[in-house]
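Next comes coords_22.pdb, with PDB, C-alpha atoms and all ligand atoms.
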MODEL        1
ATOM      1  CA  MET T   6       0.320-135.867-130.217
ATOM      2  CA  ALA T   7       0.295-135.484-126.427
ATOM      3  CA  LYS T   8       3.686-135.226-124.773
ATOM      4  CA  LYS T   9       4.483-138.481-123.056
ATOM      5  CA  ASP T  10       4.539-138.716-119.296
ATOM      6  CA  TRP T  11       8.019-138.661-117.743
ATOM      7  CA  GLU T  12       7.454-142.122-116.236
ATOM      8  CA  HIS T  13       6.052-143.543-119.487
ATOM      9  CA  GLY T  14       6.975-147.213-119.953
ATOM     10  CA  ILE T  15       8.024-147.908-116.366
ATOM     11  CA  ILE T  16       6.013-150.912-115.229
ATOM     12  CA  LYS T  17       7.346-151.313-111.713
ATOM     13  CA  VAL T  18       9.409-149.503-109.110
ATOM     14  CA  LEU T  19      12.393-151.691-108.245
ATOM     15  CA  LEU T  20      14.118-149.403-105.732
ATOM     16  CA  THR T  21      12.510-146.394-104.103
ATOM     17  CA  GLU T  22      14.231-143.095-103.372
ATOM     18  CA  GLU T  23      14.280-144.010 -99.673
ATOM     19  CA  GLN T  24      15.905-147.404-100.288
ATOM     20  CA  ILE T  25      18.559-145.846-102.515
ATOM     21  CA  LYS T  26      19.259-143.059-100.027
ATOM     22  CA  SER T  27      19.710-145.330 -97.027
ATOM     23  CA  ARG T  28      21.937-147.786 -98.917
ATOM     24  CA  ILE T  29      24.127-144.928-100.172
ATOM     25  CA  LYS T  30      24.549-143.715 -96.597
ATOM     26  CA  GLU T  31      25.857-147.175 -95.659
ATOM     27  CA  LEU T  32      28.203-147.308 -98.665
ATOM     28  CA  GLY T  33      29.543-143.863 -97.774
ATOM     29  CA  GLU T  34      30.196-144.980 -94.208
ATOM     30  CA  GLU T  35      32.010-148.085 -95.438
ATOM     31  CA  ILE T  36      34.204-146.115 -97.835
ATOM     32  CA  THR T  37      34.895-143.488 -95.156
ATOM     33  CA  ARG T  38      35.962-146.210 -92.748
ATOM     34  CA  ASP T  39      38.182-147.931 -95.334
ATOM     35  CA  PHE T  40      39.995-144.806 -96.511
ATOM     36  CA  LYS T  41      40.101-142.431 -93.547
ATOM     37  CA  ASP T  42      43.528-143.534 -92.359
ATOM     38  CA  LYS T  43      45.184-143.685 -95.778
ATOM     39  CA  GLU T  44      48.030-141.272 -96.257
ATOM     40  CA  GLU T  45      47.741-140.931-100.008
ATOM     41  CA  GLU T  46      45.206-138.782-101.804
ATOM     42  CA  VAL T  47      41.780-140.269-102.654
ATOM     43  CA  ILE T  48      40.217-139.577-106.056
ATOM     44  CA  VAL T  49      36.601-140.579-106.615
ATOM     45  CA  VAL T  50      35.856-141.085-110.312
ATOM     46  CA  CYS T  51      32.420-140.691-111.868
ATOM     47  CA  LEU T  52      31.911-142.755-115.015
ATOM     48  CA  LEU T  53      29.595-140.556-117.057
ATOM     49  CA  LYS T  54      26.769-140.377-117.690
ATOM     50  CA  GLY T  55      24.911-143.161-115.895
ATOM     51  CA  SER T  56      26.499-142.768-112.488
ATOM     52  CA  VAL T  57      26.037-139.003-112.203
ATOM     53  CA  LEU T  58      23.209-139.002-109.621
ATOM     54  CA  PHE T  59      24.668-141.904-107.643
ATOM     55  CA  PHE T  60      28.082-140.208-107.626
ATOM     56  CA  ALA T  61      26.639-136.894-106.426
ATOM     57  CA  ASP T  62      24.749-138.537-103.574
ATOM     58  CA  LEU T  63      27.530-140.956-102.630
ATOM     59  CA  CYS T  64      30.198-138.249-102.461
ATOM     60  CA  ARG T  65      28.107-136.401 -99.861
ATOM     61  CA  GLU T  66      28.333-139.476 -97.633
ATOM     62  CA  ILE T  67      32.102-139.939 -97.973
ATOM     63  CA  LYS T  68      33.470-137.897 -95.105
ATOM     64  CA  ILE T  69      37.191-137.692 -95.814
ATOM     65  CA  PRO T  70      39.281-135.264 -97.909
ATOM     66  CA  MET T  71      38.974-136.332-101.557
ATOM     67  CA  LYS T  72      38.962-135.074-105.115
ATOM     68  CA  MET T  73      36.279-135.713-107.726
ATOM     69  CA  ASP T  74      37.076-136.515-111.318
ATOM     70  CA  PHE T  75      35.045-137.523-114.357
ATOM     71  CA  MET T  76      35.549-139.919-117.223
ATOM     72  CA  THR T  77      33.478-140.887-120.245
ATOM     73  CA  VAL T  78      34.122-144.096-122.133
ATOM     74  CA  SER T  79      32.287-145.584-125.062
ATOM     75  CA  SER T  80      32.218-149.256-125.853
ATOM     76  CA  TYR T  81      31.589-150.696-129.239
ATOM     77  CA  GLY T  82      30.292-154.232-129.217
ATOM     78  CA  ASN T  83      30.469-156.481-132.225
ATOM     79  CA  GLU T  84      29.414-160.063-132.837
ATOM     80  CA  PHE T  85      32.256-161.190-130.619
ATOM     81  CA  GLU T  86      31.360-159.527-127.342
ATOM     82  CA  SER T  87      34.683-160.301-125.696
ATOM     83  CA  SER T  88      36.566-158.299-128.341
ATOM     84  CA  ARG T  89      34.521-155.181-127.499
ATOM     85  CA  GLU T  90      36.608-152.066-127.849
ATOM     86  CA  VAL T  91      36.524-149.396-125.171
ATOM     87  CA  LYS T  92      37.498-145.856-126.096
ATOM     88  CA  ILE T  93      38.107-142.938-123.748
ATOM     89  CA  VAL T  94      35.862-140.082-124.851
ATOM     90  CA  LYS T  95      36.752-137.829-121.904
ATOM     91  CA  ASP T  96      39.759-138.695-119.808
ATOM     92  CA  LEU T  97      40.449-137.842-116.170
ATOM     93  CA  ASP T  98      41.934-134.438-115.416
ATOM     94  CA  GLU T  99      43.891-135.727-112.423
ATOM     95  CA  ASN T 100      47.132-137.679-112.452
ATOM     96  CA  ILE T 101      46.301-140.790-110.427
ATOM     97  CA  MET T 102      49.817-142.127-109.949
ATOM     98  CA  GLY T 103      50.361-143.169-106.336
ATOM     99  CA  LYS T 104      46.792-142.266-105.341
ATOM    100  CA  HIS T 105      43.755-144.240-104.228
ATOM    101  CA  VAL T 106      41.138-144.320-106.965
ATOM    102  CA  ILE T 107      37.499-145.227-106.328
ATOM    103  CA  VAL T 108      35.593-145.768-109.578
ATOM    104  CA  VAL T 109      31.854-145.156-109.274
ATOM    105  CA  GLU T 110      29.600-146.966-111.743
ATOM    106  CA  ASP T 111      25.826-147.138-112.156
ATOM    107  CA  ILE T 112      25.485-150.785-113.098
ATOM    108  CA  ILE T 113      27.747-153.718-113.866
ATOM    109  CA  ASP T 114      26.278-155.986-116.473
ATOM    110  CA  SER T 115      28.703-158.088-118.552
ATOM    111  CA  GLY T 116      31.612-156.355-116.805
ATOM    112  CA  LEU T 117      33.471-156.029-120.123
ATOM    113  CA  THR T 118      33.564-152.230-120.150
ATOM    114  CA  LEU T 119      34.726-151.960-116.595
ATOM    115  CA  LYS T 120      37.375-154.609-116.961
ATOM    116  CA  ARG T 121      38.986-152.579-119.715
ATOM    117  CA  VAL T 122      38.598-149.288-117.832
ATOM    118  CA  LEU T 123      40.281-150.784-114.768
ATOM    119  CA  LYS T 124      43.103-152.117-116.926
ATOM    120  CA  MET T 125      43.660-148.682-118.496
ATOM    121  CA  LEU T 126      43.705-147.020-115.083
ATOM    122  CA  GLY T 127      46.032-149.701-113.720
ATOM    123  CA  HIS T 128      48.686-148.739-116.293
ATOM    124  CA  ARG T 129      48.874-145.309-114.651
ATOM    125  CA  GLU T 130      50.206-146.871-111.460
ATOM    126  CA  PRO T 131      47.668-145.741-108.870
ATOM    127  CA  LYS T 132      48.242-146.824-105.280
ATOM    128  CA  SER T 133      44.937-148.718-105.433
ATOM    129  CA  VAL T 134      41.794-148.930-107.547
ATOM    130  CA  SER T 135      38.451-149.860-105.973
ATOM    131  CA  LEU T 136      35.100-150.184-107.592
ATOM    132  CA  CYS T 137      31.743-149.043-106.266
ATOM    133  CA  THR T 138      28.609-149.860-108.230
ATOM    134  CA  LEU T 139      25.044-149.010-107.342
ATOM    135  CA  LEU T 140      23.630-152.030-109.153
ATOM    136  CA  ASN T 141      25.076-155.434-109.919
ATOM    137  CA  LYS T 142      23.561-157.806-112.481
ATOM    138  CA  GLU T 143      25.643-160.839-111.598
ATOM    139  CA  ALA T 144      23.683-163.165-113.905
ATOM    140  CA  ARG T 145      24.992-161.315-116.966
ATOM    141  CA  ARG T 146      28.666-161.337-116.020
ATOM    142  CA  GLU T 147      31.117-162.331-118.774
ATOM    143  CA  ALA T 148      34.327-160.796-117.481
ATOM    144  CA  GLU T 149      35.512-161.197-113.945
ATOM    145  CA  VAL T 150      35.727-157.893-112.095
ATOM    146  CA  ASP T 151      36.561-157.345-108.471
ATOM    147  CA  VAL T 152      33.852-155.130-106.959
ATOM    148  CA  GLN T 153      34.470-153.838-103.445
ATOM    149  CA  TYR T 154      31.224-151.939-102.910
ATOM    150  CA  ILE T 155      27.828-153.011-104.258
ATOM    151  CA  GLY T 156      24.612-151.106-103.610
ATOM    152  CA  PHE T 157      22.115-153.720-104.732
ATOM    153  CA  ASP T 158      22.263-157.068-106.498
ATOM    154  CA  ILE T 159      19.467-157.146-109.049
ATOM    155  CA  ALA T 160      17.946-159.699-111.418
ATOM    156  CA  ASP T 161      18.451-159.598-115.171
ATOM    157  CA  GLU T 162      15.900-156.932-116.053
ATOM    158  CA  PHE T 163      16.375-153.664-117.901
ATOM    159  CA  VAL T 164      16.234-150.878-115.346
ATOM    160  CA  LEU T 165      16.177-147.126-115.671
ATOM    161  CA  GLY T 166      16.004-143.947-113.660
ATOM    162  CA  TYR T 167      18.381-142.431-111.114
ATOM    163  CA  GLY T 168      20.938-141.804-113.875
ATOM    164  CA  LEU T 169      20.204-144.885-115.959
ATOM    165  CA  ASP T 170      18.750-144.211-119.365
ATOM    166  CA  PHE T 171      16.775-145.594-122.231
ATOM    167  CA  LYS T 172      17.849-143.716-125.377
ATOM    168  CA  GLN T 173      19.274-140.975-123.117
ATOM    169  CA  GLU T 174      15.947-140.297-121.408
ATOM    170  CA  TYR T 175      14.686-141.207-117.913
ATOM    171  CA  ARG T 176      17.939-140.295-116.142
ATOM    172  CA  ASN T 177      16.066-137.700-114.039
ATOM    173  CA  ILE T 178      13.601-140.217-112.564
ATOM    174  CA  PRO T 179      14.471-140.197-108.834
ATOM    175  CA  TYR T 180      13.934-143.941-108.288
ATOM    176  CA  ILE T 181      14.950-147.088-110.178
ATOM    177  CA  GLY T 182      12.230-148.640-112.280
ATOM    178  CA  ILE T 183      11.817-151.634-114.539
ATOM    179  CA  MET T 184      11.114-150.900-118.148
ATOM    180  CA  GLY T 185       8.226-152.605-119.895
ATOM    181  CA  ALA T 186       7.913-153.403-123.573
ATOM    182  CA  PHE T 187       7.721-150.242-125.653
ATOM    183  CA  ASP T 188       5.151-149.644-128.349
ATOM    184  CA  GLY T 189       5.947-148.823-131.968
ATOM    185  CA  ASP T 190       6.483-145.064-131.569
ATOM    186  CA  GLU T 191       9.379-145.470-129.152
TER     187      GLU T 191
HETATM  188  P1  LIG T 201      28.960-153.846-119.222
HETATM  189  O1  LIG T 201      30.267-153.700-119.954
HETATM  190  O2  LIG T 201      29.106-154.222-117.799
HETATM  191  O3  LIG T 201      28.299-152.434-119.387
HETATM  192  O4  LIG T 201      28.054-154.804-119.965
HETATM  193  C1  LIG T 201      27.554-151.838-118.392
HETATM  194  C2  LIG T 201      26.829-150.697-119.020
HETATM  195  O5  LIG T 201      25.681-151.202-119.702
HETATM  196  C3  LIG T 201      24.574-150.356-119.516
HETATM  197  N1  LIG T 201      23.469-151.143-118.907
HETATM  198  C4  LIG T 201      22.268-150.678-118.592
HETATM  199  N2  LIG T 201      21.747-149.443-118.709
HETATM  200  N3  LIG T 201      19.730-150.217-117.760
HETATM  201  C5  LIG T 201      20.474-149.224-118.297
HETATM  202  O6  LIG T 201      19.997-148.097-118.395
HETATM  203  C6  LIG T 201      20.174-151.483-117.603
HETATM  204  O7  LIG T 201      19.462-152.347-117.111
HETATM  205  C7  LIG T 201      21.519-151.721-118.052
HETATM  206  N4  LIG T 201      22.294-152.828-118.057
HETATM  207  C8  LIG T 201      23.481-152.426-118.575
HETATM  208  C9  LIG T 201      25.050-149.240-118.609
HETATM  209  O8  LIG T 201      25.350-148.109-119.408
HETATM  210  C10 LIG T 201      26.317-149.743-117.961
HETATM  211  O9  LIG T 201      27.244-148.731-117.682
HETATM  212 MG    MG T 202      23.609-146.378-120.430
ENDMDL
END

Write-out of the structure in structure tokens:
Amino acid sequence: MAKKDWEHGIIKVLLTEEQIKSRIKELGEEITRDFKDKEEEVIVVCLLKGSVLFFADLCREIKIPMKMDFMTVSSYGNEFESSREVKIVKDLDENIMGKHVIVVEDIIDSGLTLKRVLKMLGHREPKSVSLCTLLNKEARREAEVDVQYIGFDIADEFVLGYGLDFKQEYRNIPYIGIMGAFDGDE
């Protein structure tokens, strides 16, 4: 069987590389402006794996002293979505007490995962916690989360590329695409 094309299944480009790049520049400027006069340390947190490309590009546009840290969480849904359990698979290396934390996420959908992550981080008594997401699917929101920085508001469609996956693939696509219906061998 022929190896499938790397863009297989993407029916439409939602956001081009150029659109993503210029929006990230603006977000970086905003964050730089908001944090440049803060006395406390700034820690920018990458929620793995989806936000890895966004995080890497955004950090280059944040022009203040800062530290990077990484966290992996897994969420297990059940029939009662609101009782979804969130487990830390890889915790932060840094102690965030008294520091400004900026959590970088790829996409906020129901908001349930993030709400629990923010609560867990809050217990560690940071000076502040802000949230920066590349994509926001407001229509799917179930839990209220305060988001300070949003790249793009998008409609309720399954998107992939630029870090976002379908069965762990497509993260290396440099733009954000909309996924079509897959055939039987997917
Ligand atoms: P919440 O808790 O906000 O979870 O529902 C957000 C997580 O759900 C995943 N997600 C997507 N992943 N394309 C993806 O590749 C999508 O359209 C999409 N919508 C939600 C993603 O892992 C995110 O962190
Ligand atoms: Mg994912």

Could I get the residue neighbourhood of ligand LIG 201 (chain T) at 7 Å, counting only C-alpha atoms and all ligand atoms, as a count of residues only? 18

Near Ile15 (chain T), counting only C-alpha atoms, which residues have an atom at most 8 Å away, once you skip same-chain residues fewer than 3 positions from it, shown as a ChimeraX atom specification? /T:12,18,182-185

Given the PyMOL selection byres (((chain T and resi 63) around 12) and not hetatm) and the file above, list the residues it selects as a PyMOL selection string. chain T and resi 25-37+49-51+56-62+64-68+73+107-111+137-139+154+156

Separation of CA of Ala160 (chain T) from CA of Glu90 (chain T), in Å and rounded to one decimal: 26.0 Å

Quick one: residues within 10 Å of Lys92 (chain T), all atoms listed in the file counted, chain neighbours fewer than 2 positions away excluded, as an MDAnalysis selection string? chainID T and resid 77:81 89:90 94:96 118 121:122

If you keep C-alpha atoms, can you produce a file of those selected residues as a tab-separated table (two decimals), keeping the file's coordinate frame?
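The resulting file, result-v2.tsv, is reproduced below:
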chain	number	residue	atom	x	y	z
T	77	THR	CA	33.48	-140.89	-120.24
T	78	VAL	CA	34.12	-144.10	-122.13
T	79	SER	CA	32.29	-145.58	-125.06
T	80	SER	CA	32.22	-149.26	-125.85
T	81	TYR	CA	31.59	-150.70	-129.24
T	89	ARG	CA	34.52	-155.18	-127.50
T	90	GLU	CA	36.61	-152.07	-127.85
T	94	VAL	CA	35.86	-140.08	-124.85
T	95	LYS	CA	36.75	-137.83	-121.90
T	96	ASP	CA	39.76	-138.70	-119.81
T	118	THR	CA	33.56	-152.23	-120.15
T	121	ARG	CA	38.99	-152.58	-119.72
T	122	VAL	CA	38.60	-149.29	-117.83

Return as a tab-separated table the residues of region 58-166 of chain T lying at most 7 Å from region 38-46 of chain T, together with the closest atom-to-atom pair for each and the distance in Å to one decimal, counting only C-alpha atoms, with rows in chain order and ascending residue number.
residue	atom	partner	partner_atom	distance
T:Ile69	CA	T:Lys41	CA	6.0
T:Met71	CA	T:Glu46	CA	6.7
T:Lys104	CA	T:Glu46	CA	5.2
T:His105	CA	T:Glu46	CA	6.1

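Proximity to region 124-130 of chain T at 10 Å, evaluated using all atoms listed in the file and with sequence-adjacent residues fewer than 2 positions away removed, yields Val91, Ile93, Leu97, Asn100, Ile101, Met102, Gly103, Lys104, Val106, Val108, Leu119, Lys120, Arg121, Val122, Lys132, Ser133 and Val134 of chain T.
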
Provide the CA of Lys54 (chain T) to CA of Glu174 (chain T) distance in Å, to one decimal place.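 Computed distance, CA of Lys54 (chain T) to CA of Glu174 (chain T), equals 11.4 Å.
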
Suppose you want the space between CA of Asp10 (chain T) and CA of Asp158 (chain T); what is it in Å? 28.5 Å

Nearest candidate to Asp161 (chain T) (options T:Asn177, T:Val47, T:Asn141, T:Ala148; using all atoms listed in the file):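 The answer is T:Asn141, which sits nearest to Asp161 (chain T).
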
Selected residue, from T:Phe157, T:Glu22, T:Asp98, T:Tyr175, that lies nearest to ligand MG 202 (chain T) when counting only C-alpha atoms and all ligand atoms: T:Tyr175

As JSON, what would the box around region 126-134 of chain T look like: edges along x, y and z, 3 Å added on every side, centre and edge lengths in Å to one decimal?
{"center_x": 46.0, "center_y": -147.5, "center_z": -110.8, "size_x": 14.4, "size_y": 10.4, "size_z": 17.0}

Residue nearest ligand MG 202 (chain T) among T:Ile159, T:Ile178, T:Leu53, T:Lys8 (counting only C-alpha atoms and all ligand atoms): T:Leu53

Would you please work out which residue, of T:Glu147, T:Ser135, T:Ile155, T:Lys172, is nearest to ligand MG 202 (chain T) when using all atoms listed in the file?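 Result for the nearest residue to ligand MG 202 (chain T): T:Lys172.
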
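The nearest approach to Leu123 (chain T) among the residues T:Lys9, T:Asp151, T:Glu99, T:Ile16, with all atoms listed in the file taken into account, belongs to T:Asp151.
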